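Structure file start_39.cif (mmCIF, C-alpha atoms) is printed below.
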```cif
data_structure
loop_
_atom_site.label_atom_id
_atom_site.label_comp_id
_atom_site.auth_asym_id
_atom_site.auth_seq_id
_atom_site.Cartn_x
_atom_site.Cartn_y
_atom_site.Cartn_z
CA MET E 213 0.00 0.00 0.00
CA LYS E 214 1.15 3.51 -0.74
CA GLN E 215 -0.21 7.02 -0.33
CA ALA E 216 0.73 9.79 -2.75
CA VAL E 217 0.63 13.50 -2.06
CA VAL E 218 1.03 15.86 -5.00
CA ALA E 219 1.96 19.48 -4.29
CA ARG E 220 1.91 22.59 -6.49
CA THR E 221 5.31 24.21 -6.91
CA ASP E 222 4.06 27.26 -8.83
CA LEU E 223 2.73 28.90 -5.65
CA LYS E 224 6.20 29.51 -4.20
CA MET E 225 5.13 28.44 -0.73
CA GLY E 226 7.80 28.36 1.98
CA LYS E 227 9.04 25.00 3.27
CA GLY E 228 6.91 25.03 6.43
CA LYS E 229 3.82 26.07 4.49
CA ILE E 230 4.17 23.35 1.87
CA CYS E 231 4.88 20.71 4.53
CA SER E 232 1.78 21.67 6.51
CA GLN E 233 -0.37 21.50 3.35
CA ILE E 234 1.07 18.07 2.54
CA ALA E 235 0.42 16.85 6.09
CA HIS E 236 -3.14 18.13 5.77
CA ALA E 237 -3.64 16.20 2.53
CA SER E 238 -2.14 13.08 4.07
CA VAL E 239 -4.50 13.10 7.08
CA GLU E 240 -7.63 13.96 5.03
CA SER E 241 -6.93 11.38 2.37
CA PHE E 242 -6.21 8.71 4.98
CA LEU E 243 -9.54 9.47 6.72
CA LEU E 244 -11.51 9.36 3.46
CA THR E 245 -9.82 6.11 2.46
CA ARG E 246 -10.62 4.59 5.83
CA GLN E 247 -14.28 5.44 5.26
CA ARG E 248 -14.46 4.05 1.75
CA ARG E 249 -11.80 1.31 1.63
CA GLN E 250 -11.12 0.47 5.25
CA GLU E 251 -8.80 -2.45 4.49
CA TRP E 252 -6.50 -0.27 2.37
CA ALA E 253 -6.15 2.23 5.21
CA GLU E 254 -5.58 -0.40 7.90
CA ILE E 255 -2.97 -2.33 5.92
CA TRP E 256 -1.15 0.92 5.04
CA LEU E 257 -0.89 1.86 8.73
CA ALA E 258 0.25 -1.63 9.69
CA GLU E 259 2.92 -1.58 6.97
CA GLY E 260 4.36 1.72 8.21
CA GLN E 261 2.62 4.40 6.10
CA LYS E 262 4.58 4.34 2.86
CA LYS E 263 4.29 7.75 1.19
CA ILE E 264 5.52 9.41 -1.96
CA ILE E 265 5.58 13.20 -2.41
CA LEU E 266 5.27 14.45 -5.97
CA LYS E 267 4.98 17.80 -7.71
CA VAL E 268 2.98 19.55 -10.41
CA GLU E 269 3.39 23.07 -11.71
CA SER E 270 -0.21 24.27 -12.03
CA GLU E 271 -3.63 24.12 -10.44
CA GLN E 272 -5.04 22.66 -13.66
CA ALA E 273 -2.58 19.75 -13.56
CA LEU E 274 -3.58 19.04 -9.95
CA LYS E 275 -7.29 19.09 -10.74
CA ASP E 276 -6.86 16.95 -13.85
CA LEU E 277 -5.08 14.29 -11.82
CA TYR E 278 -7.77 14.48 -9.13
CA ASN E 279 -10.53 13.93 -11.70
CA GLU E 280 -8.64 11.04 -13.23
CA VAL E 281 -7.82 9.19 -10.03
CA ARG E 282 -10.87 9.70 -7.84
CA HIS E 283 -13.05 7.18 -9.65
CA GLU E 284 -10.77 4.39 -8.48
CA ILE E 285 -8.96 5.72 -5.38
CA PRO E 286 -10.24 7.96 -2.56
CA ALA E 287 -8.57 11.35 -3.08
CA VAL E 288 -8.78 14.81 -1.52
CA LEU E 289 -7.91 18.25 -2.87
CA VAL E 290 -6.65 20.60 -0.15
CA VAL E 291 -7.91 24.16 -0.36
CA ASP E 292 -6.02 26.55 1.90
CA ALA E 293 -7.85 29.04 4.08
CA GLY E 294 -5.17 31.49 2.98
CA TYR E 295 -4.39 33.28 6.23
CA THR E 296 -0.70 33.28 5.37
CA GLN E 297 1.40 33.43 2.21
CA ILE E 298 -1.32 32.60 -0.36
CA HIS E 299 -4.82 33.74 -1.36
CA PRO E 300 -7.87 32.24 0.37
CA GLY E 301 -9.39 29.35 -1.56
CA THR E 302 -6.16 28.34 -3.28
CA THR E 303 -5.88 24.65 -4.10
CA THR E 304 -2.43 23.64 -2.84
CA CYS E 305 -2.16 19.87 -3.02
CA LEU E 306 -3.82 16.52 -3.57
CA GLY E 307 -3.83 13.46 -1.34
CA ILE E 308 -4.38 10.07 -3.00
CA GLY E 309 -5.13 6.91 -1.05
CA PRO E 310 -3.44 4.90 0.40
CA ALA E 311 -4.13 2.25 -2.22
CA PRO E 312 -2.39 -0.88 -3.50
CA GLU E 313 0.79 0.12 -5.31
CA THR E 314 -0.25 -1.48 -8.60
CA VAL E 315 -3.44 0.59 -8.57
CA ILE E 316 -1.89 3.93 -7.59
CA ASP E 317 1.21 3.62 -9.79
CA LYS E 318 -0.92 3.63 -12.96
CA TYR E 319 -1.81 7.24 -12.26
CA ILE E 320 1.34 8.70 -10.74
CA SER E 321 4.31 6.96 -12.34
CA HIS E 322 5.07 9.87 -14.72
CA TYR E 323 5.10 12.58 -12.03
CA LYS E 324 8.35 13.87 -10.57
CA LEU E 325 9.38 13.74 -6.92
CA LEU E 326 9.09 16.99 -4.96
CA MET F 22 -7.00 23.15 18.89
CA LYS F 23 -3.61 22.96 17.22
CA GLN F 24 -1.16 20.26 16.22
CA ALA F 25 2.57 20.93 16.15
CA VAL F 26 5.16 19.04 14.15
CA VAL F 27 8.81 19.66 14.94
CA ALA F 28 11.41 18.64 12.34
CA ARG F 29 15.19 18.26 12.57
CA THR F 30 17.05 20.52 10.18
CA ASP F 31 20.51 19.10 10.93
CA LEU F 32 19.87 16.00 8.81
CA LYS F 33 19.87 17.93 5.51
CA MET F 34 16.88 16.01 4.19
CA GLY F 35 15.50 17.06 0.80
CA LYS F 36 12.17 18.87 0.64
CA GLY F 37 10.13 15.79 -0.32
CA LYS F 38 11.79 13.70 2.37
CA ILE F 39 11.18 16.21 5.16
CA CYS F 40 7.56 16.72 4.03
CA SER F 41 6.88 12.98 4.05
CA GLN F 42 8.35 12.67 7.56
CA ILE F 43 6.20 15.58 8.75
CA ALA F 44 3.09 14.03 7.20
CA HIS F 45 3.96 10.76 8.94
CA ALA F 46 4.24 12.54 12.30
CA SER F 47 0.96 14.35 11.71
CA VAL F 48 -1.00 11.16 10.99
CA GLU F 49 0.57 9.16 13.85
CA SER F 50 0.12 11.91 16.40
CA PHE F 51 -3.48 12.46 15.32
CA LEU F 52 -4.22 8.73 15.72
CA LEU F 53 -2.59 8.58 19.17
CA THR F 54 -4.47 11.68 20.27
CA ARG F 55 -7.74 10.21 19.06
CA GLN F 56 -7.07 7.16 21.22
CA ARG F 57 -6.18 9.09 24.35
CA ARG F 58 -8.06 12.39 24.06
CA GLN F 59 -10.78 11.72 21.52
CA GLU F 60 -12.47 15.10 21.96
CA TRP F 61 -9.25 16.99 21.14
CA ALA F 62 -8.84 15.04 17.89
CA GLU F 63 -12.46 15.42 16.83
CA ILE F 64 -12.61 19.15 17.52
CA TRP F 65 -9.32 19.69 15.68
CA LEU F 66 -10.68 17.95 12.56
CA ALA F 67 -13.94 19.88 12.74
CA GLU F 68 -12.06 23.17 13.04
CA GLY F 69 -9.97 22.46 9.93
CA GLN F 70 -6.75 20.87 11.25
CA LYS F 71 -4.71 23.86 12.38
CA LYS F 72 -1.03 22.96 12.25
CA ILE F 73 2.28 24.61 12.98
CA ILE F 74 5.59 23.31 11.63
CA LEU F 75 8.66 24.07 13.75
CA LYS F 76 12.34 23.21 13.68
CA VAL F 77 15.13 22.02 15.95
CA GLU F 78 18.76 21.49 15.11
CA SER F 79 19.57 18.23 16.90
CA GLU F 80 18.19 14.84 17.86
CA GLN F 81 18.74 15.69 21.53
CA ALA F 82 16.58 18.81 21.29
CA LEU F 83 13.81 16.76 19.67
CA LYS F 84 13.95 14.07 22.36
CA ASP F 85 14.08 16.62 25.17
CA LEU F 86 10.92 18.27 23.87
CA TYR F 87 9.25 14.88 23.51
CA ASN F 88 10.03 13.97 27.12
CA GLU F 89 8.77 17.32 28.33
CA VAL F 90 5.50 17.36 26.42
CA ARG F 91 4.34 13.76 26.46
CA HIS F 92 3.14 13.80 30.06
CA GLU F 93 0.44 16.27 29.12
CA ILE F 94 -0.13 15.87 25.36
CA PRO F 95 -0.10 12.73 23.18
CA ALA F 96 3.11 12.91 21.14
CA VAL F 97 4.98 10.67 18.69
CA LEU F 98 8.63 10.55 17.65
CA VAL F 99 9.05 9.46 14.03
CA VAL F 100 11.93 7.08 13.38
CA ASP F 101 12.73 6.67 9.70
CA ALA F 102 13.29 3.25 8.19
CA GLY F 103 16.17 4.89 6.33
CA TYR F 104 15.78 3.40 2.86
CA THR F 105 16.65 6.75 1.31
CA GLN F 106 18.85 9.73 2.20
CA ILE F 107 19.38 8.97 5.93
CA HIS F 108 20.54 6.13 8.17
CA PRO F 109 18.02 3.52 9.39
CA GLY F 110 16.67 4.29 12.83
CA THR F 111 17.18 8.04 12.58
CA THR F 112 14.69 10.13 14.57
CA THR F 113 13.49 12.78 12.12
CA CYS F 114 10.59 14.61 13.70
CA LEU F 115 8.04 14.86 16.48
CA GLY F 116 4.27 15.15 16.27
CA ILE F 117 2.45 16.79 19.19
CA GLY F 118 -1.31 16.62 19.64
CA PRO F 119 -3.62 18.21 18.50
CA ALA F 120 -4.31 19.84 21.88
CA PRO F 121 -5.89 23.07 23.09
CA GLU F 122 -3.72 26.01 22.06
CA THR F 123 -3.20 27.21 25.61
CA VAL F 124 -1.86 23.78 26.56
CA ILE F 125 0.43 23.25 23.55
CA ASP F 126 1.75 26.83 23.39
CA LYS F 127 3.39 26.46 26.82
CA TYR F 128 5.81 23.97 25.30
CA ILE F 129 6.41 25.27 21.80
CA SER F 130 6.24 29.05 21.92
CA HIS F 131 10.03 29.49 21.88
CA TYR F 132 10.67 27.27 18.83
CA LYS F 133 11.17 28.76 15.37
CA LEU F 134 9.03 28.06 12.30
CA LEU F 135 10.52 25.68 9.74
#
```
Turn the structure described in the file into structure tokens.
Amino acid sequence: MKQAVVARTDLKMGKGKICSQIAHASVESFLLTRQRRQEWAEIWLAEGQKKIILKVESEQALKDLYNEVRHEIPAVLVVDAGYTQIHPGTTTCLGIGPAPETVIDKYISHYKLL
Amino acid sequence: MKQAVVARTDLKMGKGKICSQIAHASVESFLLTRQRRQEWAEIWLAEGQKKIILKVESEQALKDLYNEVRHEIPAVLVVDAGYTQIHPGTTTCLGIGPAPETVIDKYISHYKLL
């Protein structure tokens, strides 16, 4: 099992900001997966929470991937409240799964590591 | 309610690596908090997962903070399996809470943002 988090790099967020958005996506996507595919979430925790952090360079790329993946894997777009650094309502990153690696890799294998 | 994640900066982890360790700490600390102080975890989720990402410059500083805080707030040290970038068994970061802000701020107010 593996979870993927995909972050936008075009927003020029600071390191702490981007890490907090990624952590947010990780928690939300885990909770949604536990609701919809409980066994995926439980096995992922038991195996030690394997995660991969990827990047895209636009909001459109993030939303396209979300629309592609969400029919097969629980996924969550994170929209920032925007109190600091960025505008309110900005979509910053995407959490996917956890899901079996063979399922998730079909969607993410051509994205680059953050 | 607020969760804090404290990361070591002396390990020279890449951005993706440090973000994945922080996400790991966030999920683990949330799950432990939900076990021990369910109302703190539930309120934190409902309020939108407020998080603060802080830094320390040594393993000792991370462990000292852990030993200080864990008597009052659920907290988790993350030990990396070390497949990439760092040695196996390296303590990379610390997740604290979520907990009420007045409780958590006593411990973390003098740490700097990542």
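If you look at CA of Ile230 in chain E and CA of Val217 in chain E, they are 11.2 Å away from each other.
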Exercise answer, chain E residues close to chain F, 7 Å and all atoms listed in the file, as JSON, numbers by chain: {"E": [227, 228, 231, 232, 234, 235, 238, 239, 263, 265, 325, 326]}
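The residues returned by the PyMOL selection byres ((chain E and resi 247-254) around 8) on the shown structure are Met213, Phe242, Leu243, Leu244, Thr245, Arg246, Ile255, Trp256, Leu257, Ala258, Pro286, Gly309, Pro310, Ala311 and Pro312 of chain E.
Once Thr303 in chain E and its same-chain neighbours fewer than 4 positions away are set aside, Ala219, Arg220, Leu223, Gln233, Ser270, Glu271, Gln272, Leu274, Lys275, Leu289, Val290, Val291, Asp292, Ala293, Gly294, Ile298 and His299 of chain E remain within 10 Å of it when counting only C-alpha atoms.
Note that the spacing between CA of Val268 in chain E and CA of Thr221 in chain E amounts to 6.3 Å.
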